[in-house]
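What follows is the content of final.cif, which has mmCIF, C-alpha atoms and all ligand atoms:
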data_start
#
loop_
_atom_site.label_atom_id
_atom_site.label_comp_id
_atom_site.auth_asym_id
_atom_site.auth_seq_id
_atom_site.Cartn_x
_atom_site.Cartn_y
_atom_site.Cartn_z
CA MET A 12 0.00 0.00 0.00
CA ALA A 13 1.38 3.35 -1.00
CA GLN A 14 1.70 6.76 0.59
CA CYS A 15 -0.03 9.09 -1.87
CA LEU A 16 -0.32 12.83 -2.25
CA VAL A 17 -3.46 14.26 -3.83
CA THR A 18 -3.04 17.94 -4.63
CA GLY A 19 -6.41 19.64 -4.90
CA GLY A 20 -7.84 16.83 -2.79
CA ALA A 21 -10.50 19.12 -1.31
CA GLY A 22 -11.85 19.82 -4.78
CA PHE A 23 -14.30 17.99 -6.98
CA ILE A 24 -12.19 15.36 -8.74
CA GLY A 25 -9.40 15.27 -6.15
CA SER A 26 -11.76 14.42 -3.31
CA HIS A 27 -13.25 11.50 -5.23
CA LEU A 28 -9.74 10.27 -5.96
CA ALA A 29 -8.67 10.58 -2.33
CA ALA A 30 -11.74 8.65 -1.17
CA GLU A 31 -11.11 5.81 -3.62
CA LEU A 32 -7.42 5.61 -2.69
CA LEU A 33 -8.36 5.27 0.97
CA HIS A 34 -10.97 2.67 0.05
CA ARG A 35 -8.23 0.66 -1.69
CA GLY A 36 -6.09 0.77 1.45
CA HIS A 37 -3.58 3.48 0.56
CA THR A 38 -2.41 6.25 2.86
CA VAL A 39 -3.52 9.64 1.59
CA ARG A 40 -2.27 13.16 2.13
CA VAL A 41 -4.32 16.01 0.71
CA ALA A 42 -2.66 19.35 -0.11
CA ASP A 43 -5.10 22.14 -0.88
CA ASN A 44 -5.32 25.92 -0.47
CA LEU A 45 -9.13 25.76 -0.24
CA ALA A 46 -9.41 28.44 -2.95
CA THR A 47 -12.27 26.48 -4.52
CA GLY A 48 -12.10 23.22 -2.58
CA LEU A 49 -14.00 22.57 0.61
CA ARG A 50 -12.63 21.10 3.81
CA SER A 51 -15.83 19.05 4.04
CA ASN A 52 -14.94 17.30 0.76
CA ILE A 53 -11.78 15.78 2.24
CA PRO A 54 -12.55 12.18 3.12
CA ALA A 55 -12.17 11.00 6.70
CA GLY A 56 -8.87 9.21 7.08
CA ALA A 57 -6.90 11.52 4.78
CA GLN A 58 -4.19 13.73 6.25
CA PHE A 59 -4.86 17.36 5.32
CA VAL A 60 -1.99 19.78 4.80
CA PRO A 61 -3.35 23.25 4.02
CA GLY A 62 -1.16 25.45 1.84
CA ASP A 63 -0.38 26.83 -1.55
CA LEU A 64 1.65 24.92 -4.11
CA ARG A 65 2.96 28.14 -5.63
CA ASP A 66 5.27 28.03 -2.61
CA PRO A 67 8.09 25.56 -3.42
CA ASP A 68 8.74 24.85 0.27
CA PHE A 69 5.12 23.90 0.80
CA ALA A 70 5.21 21.63 -2.26
CA ALA A 71 8.35 19.93 -0.89
CA GLU A 72 6.74 19.40 2.50
CA ALA A 73 3.55 18.03 0.91
CA ALA A 74 5.43 15.51 -1.26
CA ARG A 75 7.82 14.27 1.44
CA GLY A 76 7.68 10.47 1.74
CA CYS A 77 5.14 10.04 -1.07
CA GLU A 78 5.38 7.23 -3.60
CA VAL A 79 2.67 8.48 -5.94
CA VAL A 80 1.61 12.09 -6.51
CA PHE A 81 -1.78 12.83 -8.08
CA HIS A 82 -1.54 16.46 -9.18
CA GLN A 83 -5.13 17.67 -9.44
CA ALA A 84 -4.83 21.21 -8.06
CA ALA A 85 -5.57 23.87 -10.68
CA ILE A 86 -7.66 26.87 -11.56
CA ALA A 87 -9.82 24.95 -14.00
CA SER A 88 -11.64 27.46 -16.13
CA VAL A 89 -11.23 28.75 -19.66
CA PRO A 90 -13.06 32.09 -19.13
CA GLN A 91 -11.36 32.73 -15.78
CA SER A 92 -7.96 32.26 -17.42
CA ILE A 93 -8.93 34.90 -19.97
CA SER A 94 -10.22 37.45 -17.47
CA GLU A 95 -7.50 36.77 -14.86
CA PRO A 96 -4.53 35.19 -16.66
CA ARG A 97 -1.88 35.73 -13.99
CA PRO A 98 -3.38 33.77 -11.07
CA SER A 99 -4.36 31.08 -13.55
CA HIS A 100 -0.78 30.95 -14.88
CA GLU A 101 0.68 30.75 -11.40
CA ALA A 102 -1.70 28.04 -10.22
CA ASN A 103 -1.49 25.96 -13.37
CA ILE A 104 2.16 26.33 -14.42
CA ASP A 105 4.25 27.54 -11.47
CA ALA A 106 2.56 25.19 -9.00
CA THR A 107 2.87 22.25 -11.39
CA PHE A 108 6.58 22.93 -11.78
CA ASN A 109 6.94 23.02 -7.99
CA VAL A 110 5.06 19.75 -7.61
CA LEU A 111 7.29 18.04 -10.18
CA ILE A 112 10.48 19.26 -8.48
CA ALA A 113 9.07 18.19 -5.11
CA ALA A 114 8.09 14.73 -6.40
CA ARG A 115 11.51 14.25 -7.96
CA ASP A 116 13.31 15.29 -4.79
CA ALA A 117 11.04 13.12 -2.64
CA GLY A 118 11.97 10.09 -4.78
CA ALA A 119 8.36 9.54 -5.85
CA ARG A 120 7.78 6.63 -8.20
CA ARG A 121 5.16 8.35 -10.35
CA VAL A 122 3.22 11.57 -10.88
CA VAL A 123 -0.22 11.47 -12.47
CA TYR A 124 -1.09 14.88 -13.86
CA ALA A 125 -4.53 16.32 -14.59
CA ALA A 126 -4.22 17.54 -18.18
CA SER A 127 -7.06 18.85 -20.32
CA SER A 128 -8.82 18.22 -23.60
CA ALA A 129 -8.67 21.99 -24.00
CA ALA A 130 -5.22 21.38 -25.55
CA TYR A 131 -6.87 20.16 -28.76
CA GLY A 132 -8.53 23.49 -29.46
CA ASP A 133 -10.97 23.81 -32.31
CA SER A 134 -9.75 21.44 -34.98
CA PRO A 135 -12.89 20.01 -36.62
CA VAL A 136 -11.35 16.53 -36.68
CA LEU A 137 -13.16 14.15 -34.33
CA PRO A 138 -12.53 12.13 -32.28
CA LYS A 139 -9.46 13.72 -30.75
CA THR A 140 -6.45 11.41 -30.72
CA GLU A 141 -3.44 12.09 -28.53
CA GLY A 142 -1.15 12.35 -31.56
CA MET A 143 -3.10 15.24 -33.08
CA ARG A 144 -1.58 18.66 -33.39
CA VAL A 145 -2.47 20.77 -30.36
CA ASP A 146 -4.02 24.21 -30.73
CA PRO A 147 -4.59 25.91 -27.36
CA LEU A 148 -7.17 28.70 -27.63
CA SER A 149 -7.02 30.10 -24.10
CA PRO A 150 -4.41 30.69 -21.39
CA TYR A 151 -5.95 27.75 -19.50
CA ALA A 152 -5.48 25.40 -22.47
CA LEU A 153 -1.89 26.52 -22.94
CA GLN A 154 -1.11 26.28 -19.23
CA LYS A 155 -2.40 22.71 -19.04
CA LEU A 156 -0.34 21.85 -22.10
CA VAL A 157 2.81 23.34 -20.59
CA GLY A 158 2.20 21.12 -17.55
CA GLU A 159 2.09 18.08 -19.82
CA GLU A 160 5.31 19.09 -21.49
CA TYR A 161 7.00 19.57 -18.14
CA CYS A 162 5.82 16.10 -17.13
CA ARG A 163 7.22 14.59 -20.29
CA LEU A 164 10.51 16.40 -19.79
CA PHE A 165 10.85 15.30 -16.16
CA THR A 166 10.41 11.71 -17.30
CA ARG A 167 13.08 12.13 -19.97
CA ILE A 168 15.70 14.00 -18.06
CA TYR A 169 15.18 12.97 -14.45
CA GLY A 170 13.59 9.55 -14.88
CA LEU A 171 10.57 10.62 -12.82
CA GLU A 172 7.65 8.60 -14.19
CA THR A 173 4.79 10.89 -15.19
CA VAL A 174 1.47 10.25 -16.89
CA SER A 175 -0.69 13.09 -18.19
CA ILE A 176 -4.37 12.27 -18.26
CA ARG A 177 -6.35 14.55 -20.56
CA TYR A 178 -9.70 15.03 -18.87
CA PHE A 179 -12.65 15.87 -21.01
CA ASN A 180 -15.63 17.58 -19.35
CA VAL A 181 -15.87 15.81 -16.01
CA PHE A 182 -19.10 15.98 -14.02
CA GLY A 183 -20.69 14.37 -10.99
CA PRO A 184 -21.43 14.83 -7.30
CA ARG A 185 -19.42 17.51 -5.47
CA GLN A 186 -19.00 19.66 -8.57
CA HIS A 187 -20.38 22.84 -7.08
CA PRO A 188 -22.13 25.50 -9.17
CA SER A 189 -20.65 28.14 -6.89
CA SER A 190 -19.23 30.47 -9.53
CA PRO A 191 -20.09 31.45 -13.11
CA TYR A 192 -16.90 29.56 -14.03
CA SER A 193 -18.25 26.25 -12.71
CA GLY A 194 -18.76 23.29 -15.03
CA VAL A 195 -21.76 23.75 -17.29
CA LEU A 196 -23.69 20.71 -16.04
CA SER A 197 -23.44 21.84 -12.43
CA LEU A 198 -24.86 25.22 -13.50
CA PHE A 199 -27.59 23.58 -15.59
CA ILE A 200 -28.64 21.38 -12.66
CA LYS A 201 -28.74 24.37 -10.33
CA CYS A 202 -31.03 26.19 -12.78
CA ALA A 203 -33.20 23.13 -13.32
CA LEU A 204 -33.72 22.58 -9.59
CA SER A 205 -34.43 26.25 -8.91
CA GLY A 206 -36.81 26.67 -11.86
CA THR A 207 -34.66 29.27 -13.62
CA ALA A 208 -33.46 29.48 -17.22
CA PRO A 209 -29.87 28.48 -17.97
CA THR A 210 -27.65 30.63 -20.16
CA ILE A 211 -26.25 28.89 -23.20
CA TYR A 212 -23.28 30.61 -24.83
CA GLY A 213 -23.55 30.06 -28.59
CA ASP A 214 -26.16 27.98 -30.39
CA GLY A 215 -26.09 25.12 -27.88
CA GLU A 216 -25.02 22.69 -30.57
CA GLN A 217 -21.44 22.70 -29.29
CA THR A 218 -20.56 19.27 -27.98
CA ARG A 219 -18.62 17.90 -25.04
CA ASP A 220 -17.46 14.42 -24.07
CA PHE A 221 -19.06 14.61 -20.62
CA THR A 222 -17.34 12.07 -18.38
CA PHE A 223 -18.71 10.89 -15.06
CA VAL A 224 -16.23 11.38 -12.25
CA ASP A 225 -16.08 7.68 -11.27
CA ASP A 226 -14.75 6.83 -14.73
CA VAL A 227 -12.09 9.50 -14.39
CA VAL A 228 -11.02 8.14 -11.00
CA ASP A 229 -10.74 4.68 -12.58
CA GLY A 230 -8.45 6.02 -15.29
CA VAL A 231 -6.28 8.05 -12.95
CA LEU A 232 -5.79 5.16 -10.55
CA SER A 233 -4.89 2.82 -13.39
CA ALA A 234 -2.38 5.40 -14.60
CA ALA A 235 -0.58 5.22 -11.26
CA ASP A 236 0.49 1.64 -11.93
CA ALA A 237 0.14 0.86 -15.63
CA THR A 238 3.36 -0.32 -17.20
CA GLY A 239 4.06 1.42 -20.49
CA ALA A 240 2.23 4.59 -19.46
CA ALA A 241 5.22 6.56 -18.14
CA GLY A 242 5.88 9.72 -20.15
CA GLU A 243 2.56 9.36 -22.01
CA VAL A 244 -0.43 11.62 -22.59
CA ILE A 245 -3.72 9.72 -22.46
CA ASN A 246 -7.35 10.76 -23.00
CA VAL A 247 -9.74 9.54 -20.33
CA ALA A 248 -13.34 10.07 -21.45
CA THR A 249 -16.33 8.22 -22.90
CA GLY A 250 -15.82 8.61 -26.63
CA VAL A 251 -19.36 10.04 -26.95
CA ARG A 252 -20.26 13.67 -27.62
CA VAL A 253 -23.34 15.40 -26.24
CA SER A 254 -24.55 18.88 -27.18
CA LEU A 255 -25.60 21.44 -24.58
CA ASN A 256 -29.10 21.51 -26.04
CA HIS A 257 -29.28 17.75 -25.61
CA ALA A 258 -27.96 17.98 -22.04
CA TRP A 259 -30.73 20.43 -21.09
CA ALA A 260 -33.29 18.14 -22.77
CA ALA A 261 -31.89 15.19 -20.82
CA LEU A 262 -32.49 17.13 -17.60
CA GLU A 263 -36.09 17.66 -18.72
CA SER A 264 -36.50 13.91 -19.12
CA ILE A 265 -35.35 13.46 -15.52
CA LEU A 266 -37.14 16.41 -13.92
CA GLY A 267 -40.09 17.22 -16.21
CA PRO A 268 -40.65 20.48 -18.13
CA LEU A 269 -38.06 23.21 -17.52
CA GLU A 270 -37.59 26.86 -18.48
CA ALA A 271 -36.28 27.46 -22.01
CA PRO A 272 -32.57 28.38 -22.13
CA VAL A 273 -31.48 31.97 -22.81
CA TYR A 274 -28.94 32.10 -25.65
CA GLU A 275 -26.00 34.51 -25.57
CA PRO A 276 -22.99 34.92 -27.87
CA ALA A 277 -20.34 32.20 -27.72
CA ARG A 278 -17.50 32.79 -25.27
CA VAL A 279 -14.06 33.82 -26.46
CA GLY A 280 -11.66 30.86 -26.33
CA ASP A 281 -14.49 28.33 -26.38
CA VAL A 282 -14.08 25.06 -28.26
CA TYR A 283 -17.01 24.01 -30.49
CA ALA A 284 -16.75 20.24 -30.77
CA SER A 285 -15.10 17.84 -28.36
CA GLN A 286 -15.04 14.07 -28.36
CA ALA A 287 -12.25 11.75 -27.31
CA ASP A 288 -10.71 8.79 -28.97
CA ILE A 289 -10.36 6.40 -26.04
CA GLY A 290 -8.36 3.65 -27.72
CA LYS A 291 -5.09 4.58 -26.03
CA ALA A 292 -6.68 4.48 -22.56
CA GLU A 293 -8.09 1.06 -23.36
CA ARG A 294 -4.69 -0.19 -24.52
CA LEU A 295 -2.41 1.36 -21.92
CA LEU A 296 -4.69 1.63 -18.89
CA GLY A 297 -7.05 -1.28 -19.54
CA ILE A 298 -10.13 0.85 -18.83
CA ARG A 299 -13.48 1.42 -20.51
CA PRO A 300 -16.13 3.96 -19.50
CA ARG A 301 -18.80 2.43 -17.28
CA VAL A 302 -21.26 5.25 -16.60
CA ALA A 303 -23.35 6.48 -19.54
CA PHE A 304 -24.23 10.18 -19.73
CA ASP A 305 -27.91 9.80 -18.72
CA GLU A 306 -27.04 7.60 -15.75
CA GLY A 307 -24.30 9.99 -14.59
CA LEU A 308 -26.68 12.91 -14.93
CA ARG A 309 -29.32 11.13 -12.85
CA ARG A 310 -26.78 10.40 -10.10
CA THR A 311 -25.59 14.00 -10.15
CA VAL A 312 -29.15 15.35 -9.94
CA ASP A 313 -29.82 13.01 -6.98
CA TRP A 314 -26.74 14.37 -5.22
CA ALA A 315 -27.68 18.00 -5.95
CA ARG A 316 -31.21 17.43 -4.65
CA SER A 317 -29.84 15.86 -1.47
CA THR A 318 -27.70 18.92 -0.79
CA SER A 319 -30.19 21.67 -1.71
C1 LIG B 1 -12.69 22.93 -20.52
C2 LIG B 1 -12.14 21.61 -21.05
C3 LIG B 1 -12.30 20.51 -20.00
C4 LIG B 1 -11.79 20.95 -18.63
C5 LIG B 1 -12.45 22.26 -18.26
C6 LIG B 1 -11.95 22.85 -16.96
C7 LIG B 1 -12.61 21.68 -23.46
C8 LIG B 1 -13.37 21.09 -24.59
N1 LIG B 1 -12.86 21.18 -22.24
O1 LIG B 1 -14.07 22.78 -20.38
O2 LIG B 1 -11.59 19.36 -20.43
O3 LIG B 1 -10.39 21.06 -18.64
O4 LIG B 1 -12.18 23.25 -19.24
O5 LIG B 1 -12.74 22.48 -15.91
O6 LIG B 1 -11.79 22.56 -23.63
N2 LIG B 1 -21.51 27.12 -21.06
C9 LIG B 1 -22.80 27.60 -21.25
N3 LIG B 1 -23.44 28.12 -20.17
C10 LIG B 1 -22.88 28.20 -18.93
C11 LIG B 1 -21.55 27.70 -18.76
C12 LIG B 1 -20.90 27.16 -19.85
O7 LIG B 1 -23.34 27.56 -22.35
O8 LIG B 1 -23.53 28.69 -18.00
C13 LIG B 1 -20.84 26.50 -22.22
C14 LIG B 1 -19.41 26.98 -22.48
O9 LIG B 1 -19.41 28.15 -23.26
C15 LIG B 1 -18.87 25.74 -23.22
C16 LIG B 1 -19.58 24.56 -22.55
O10 LIG B 1 -20.73 25.12 -21.92
O11 LIG B 1 -19.24 25.77 -24.57
C17 LIG B 1 -18.75 23.87 -21.49
O12 LIG B 1 -18.21 24.87 -20.63
P1 LIG B 1 -17.46 24.49 -19.26
O13 LIG B 1 -17.05 25.78 -18.63
O14 LIG B 1 -18.29 23.55 -18.47
O15 LIG B 1 -16.22 23.64 -19.72
P2 LIG B 1 -15.17 23.80 -20.95
O16 LIG B 1 -15.74 23.12 -22.15
O17 LIG B 1 -14.64 25.16 -21.05
#
Could you render the structure as structure tokens?
Amino acid sequence: MAQCLVTGGAGFIGSHLAAELLHRGHTVRVADNLATGLRSNIPAGAQFVPGDLRDPDFAAEAARGCEVVFHQAAIASVPQSISEPRPSHEANIDATFNVLIAARDAGARRVVYAASSAAYGDSPVLPKTEGMRVDPLSPYALQKLVGEEYCRLFTRIYGLETVSIRYFNVFGPRQHPSSPYSGVLSLFIKCALSGTAPTIYGDGEQTRDFTFVDDVVDGVLSAADATGAAGEVINVATGVRVSLNHAWAALESILGPLEAPVYEPARVGDVYASQADIGKAERLLGIRPRVAFDEGLRRTVDWARSTS
């Protein structure tokens, strides 16, 4: 059983990861600055070290004695990275660099890094394969890509095993609709439950490969051990694309008639179509998605109802 560090472990994806690691018998340390994460998300049994990974000393302290580092901490928003690029840069690039140095110096066996499908940008070619040319359209997309490249470089020059998992649009319980930058499904569900109209930026026909959080946790945990994955970039998603208009209609099938969406102009830096090729994840990580979109949405609605 391994000593693990989960950065961002008080956040949405990180807290699910920490809980599953504990469930599998590992020892878990959570490092989080609680900028968006919640203390209440940290699972019982995890050690919590509060602090900011932009501070190299804090990163070193957090990684001490850890065999596997799951680097999930980030400012995860395209529009926020456009309106406030500096904090986004510092959280997504500087902190990632510090975590890699800290993991190397701690003698960690592997770092699993939360990369993003945003790297693909707006190429009309679908599905997105890891070998495609990247085309970052926002500071966030570029920052996540720089993190991947740093991971790859640390594997090459220092022998630190790294795996970059490109998340597509992850959703599920504990994704809070607390800011306008929150994930679209969390915002849609909030509107649906409060009887208000959602805002759709663009025509609503843009698509996303919405991935239920349990499937992401599966992929990330497999990446911690998979032989042949070191130094690689791997999509973890469902391979299915769903439009925003369809997502709102799917909520209507769960909850009954809802307000009609209000349409506004598309956001700067937004990607139109997104869908993953998941062949590499199947080959290298031995995983397949298990939770279909409608089922994941139902589970997320149940969670949101239980907390509202
Ligand atoms: C990007 C990445 C995703 C992940 C995420 C950070 C892509 C394709 N995906 O997600 O992998 O890294 O960043 O958490 O780059 N929207 C509305 N109404 C709203 C809110 C959003 O219409 O109230 C639209 C938004 O313009 C976009 C879609 O919904 O077209 C999804 O937006 P998002 O903010 O949930 O995630 P996205 O795709 O930027």
message = as a list in words, please: the residues near range 87-92 of chain A (cut-off 9 Å, only C-alpha atoms, same-chain neighbours under 5 positions excluded).
response =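 The contact residues come out as Arg97, Pro98, Ser99, His100, Asn103, Ala129, Leu148, Ser149, Pro150, Tyr151, Ala152, Tyr192, Ser193, Gly194, Arg278, Val279, Gly280 and Asp281 of chain A.
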note = Expressed in Å, the length from CA of Tyr124 in chain A to CA of Ala55 in chain A is 23.7 Å
ask   = What lies within 12 Å of Ala237 in chain A using all atoms listed in the file, ignoring chain neighbours under 2 positions off, as a ChimeraX atom specification?
value = /A:121,123,172-174,229-235,239-243,245,292-298
Residues just named, written with C-alpha atoms as a PDB file, keeping the file's coordinate frame:
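Below is the file part_25.pdb, written as the result:
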ATOM      1  CA  ARG A 121       5.160   8.350 -10.350  1.00  0.00           C
ATOM      2  CA  VAL A 123      -0.220  11.470 -12.470  1.00  0.00           C
ATOM      3  CA  GLU A 172       7.650   8.600 -14.190  1.00  0.00           C
ATOM      4  CA  THR A 173       4.790  10.890 -15.190  1.00  0.00           C
ATOM      5  CA  VAL A 174       1.470  10.250 -16.890  1.00  0.00           C
ATOM      6  CA  ASP A 229     -10.740   4.680 -12.580  1.00  0.00           C
ATOM      7  CA  GLY A 230      -8.450   6.020 -15.290  1.00  0.00           C
ATOM      8  CA  VAL A 231      -6.280   8.050 -12.950  1.00  0.00           C
ATOM      9  CA  LEU A 232      -5.790   5.160 -10.550  1.00  0.00           C
ATOM     10  CA  SER A 233      -4.890   2.820 -13.390  1.00  0.00           C
ATOM     11  CA  ALA A 234      -2.380   5.400 -14.600  1.00  0.00           C
ATOM     12  CA  ALA A 235      -0.580   5.220 -11.260  1.00  0.00           C
ATOM     13  CA  GLY A 239       4.060   1.420 -20.490  1.00  0.00           C
ATOM     14  CA  ALA A 240       2.230   4.590 -19.460  1.00  0.00           C
ATOM     15  CA  ALA A 241       5.220   6.560 -18.140  1.00  0.00           C
ATOM     16  CA  GLY A 242       5.880   9.720 -20.150  1.00  0.00           C
ATOM     17  CA  GLU A 243       2.560   9.360 -22.010  1.00  0.00           C
ATOM     18  CA  ILE A 245      -3.720   9.720 -22.460  1.00  0.00           C
ATOM     19  CA  ALA A 292      -6.680   4.480 -22.560  1.00  0.00           C
ATOM     20  CA  GLU A 293      -8.090   1.060 -23.360  1.00  0.00           C
ATOM     21  CA  ARG A 294      -4.690  -0.190 -24.520  1.00  0.00           C
ATOM     22  CA  LEU A 295      -2.410   1.360 -21.920  1.00  0.00           C
ATOM     23  CA  LEU A 296      -4.690   1.630 -18.890  1.00  0.00           C
ATOM     24  CA  GLY A 297      -7.050  -1.280 -19.540  1.00  0.00           C
ATOM     25  CA  ILE A 298     -10.130   0.850 -18.830  1.00  0.00           C
TER      26      ILE A 298
END
key: Atomic distance CA of Ala85 in chain A - atom O14 of ligand LIG 1 (chain B), expressed in Å with one decimal   =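 Spanning CA of Ala85 in chain A to atom O14 of ligand LIG 1 (chain B) is a straight-line distance of 14.9 Å.
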ask   = What is the distance, in Å and to one decimal place, between CA of Cys162 in chain A and CA of Ala284 in chain A?
value =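 Separating CA of Cys162 in chain A from CA of Ala284 in chain A is a distance of 26.7 Å.
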Polymer residues at most 6 Å from Gly250 in chain A, all atoms listed in the file, same-chain spacing of 3 or more positions, as a ChimeraX atom specification = /A:286-289
ask   = Pick from A:Val110, A:Ala125, A:Leu137, A:Met12: nearest to ligand LIG 1 (chain B), with only C-alpha atoms and all ligand atoms counted?
value =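 Closest to ligand LIG 1 (chain B) of all the choices is A:Ala125.
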Output range 203-210 of chain A as a CSV table (one decimal), in the frame of the given file, making sure all heavy atoms are there.
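Just written: result.csv:
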chain,number,residue,atom,x,y,z
A,203,ALA,N,-32.1,24.0,-13.2
A,203,ALA,CA,-33.2,23.1,-13.3
A,203,ALA,C,-33.9,23.0,-12.0
A,203,ALA,O,-35.1,23.0,-11.9
A,203,ALA,CB,-32.7,21.8,-13.8
A,204,LEU,N,-33.1,22.8,-10.9
A,204,LEU,CA,-33.7,22.6,-9.6
A,204,LEU,C,-34.3,23.9,-9.0
A,204,LEU,O,-35.2,23.8,-8.1
A,204,LEU,CB,-32.7,22.0,-8.6
A,204,LEU,CG,-32.2,20.6,-9.0
A,204,LEU,CD1,-31.2,20.1,-7.9
A,204,LEU,CD2,-33.3,19.6,-9.0
A,205,SER,N,-33.9,25.0,-9.5
A,205,SER,CA,-34.4,26.2,-8.9
A,205,SER,C,-35.5,26.9,-9.8
A,205,SER,O,-36.0,28.0,-9.6
A,205,SER,CB,-33.3,27.3,-8.6
A,205,SER,OG,-32.6,27.6,-9.8
A,206,GLY,N,-35.8,26.2,-10.9
A,206,GLY,CA,-36.8,26.7,-11.9
A,206,GLY,C,-36.4,27.9,-12.6
A,206,GLY,O,-37.3,28.7,-13.0
A,207,THR,N,-35.1,28.1,-12.9
A,207,THR,CA,-34.7,29.3,-13.6
A,207,THR,C,-34.1,28.8,-15.0
A,207,THR,O,-33.8,27.7,-15.2
A,207,THR,CB,-33.6,30.1,-12.9
A,207,THR,OG1,-32.5,29.2,-12.5
A,207,THR,CG2,-34.1,30.7,-11.6
A,208,ALA,N,-33.9,29.8,-15.9
A,208,ALA,CA,-33.5,29.5,-17.2
A,208,ALA,C,-31.9,29.5,-17.2
A,208,ALA,O,-31.3,30.4,-16.7
A,208,ALA,CB,-34.0,30.5,-18.2
A,209,PRO,N,-31.3,28.5,-17.9
A,209,PRO,CA,-29.9,28.5,-18.0
A,209,PRO,C,-29.5,29.4,-19.1
A,209,PRO,O,-30.3,29.7,-20.0
A,209,PRO,CB,-29.6,27.0,-18.4
A,209,PRO,CG,-30.7,26.6,-19.2
A,209,PRO,CD,-31.9,27.3,-18.6
A,210,THR,N,-28.2,29.9,-19.0
A,210,THR,CA,-27.6,30.6,-20.2
A,210,THR,C,-26.8,29.7,-21.0
A,210,THR,O,-26.0,28.9,-20.5
A,210,THR,CB,-26.7,31.7,-19.6
A,210,THR,OG1,-27.5,32.6,-18.8
A,210,THR,CG2,-26.2,32.6,-20.8
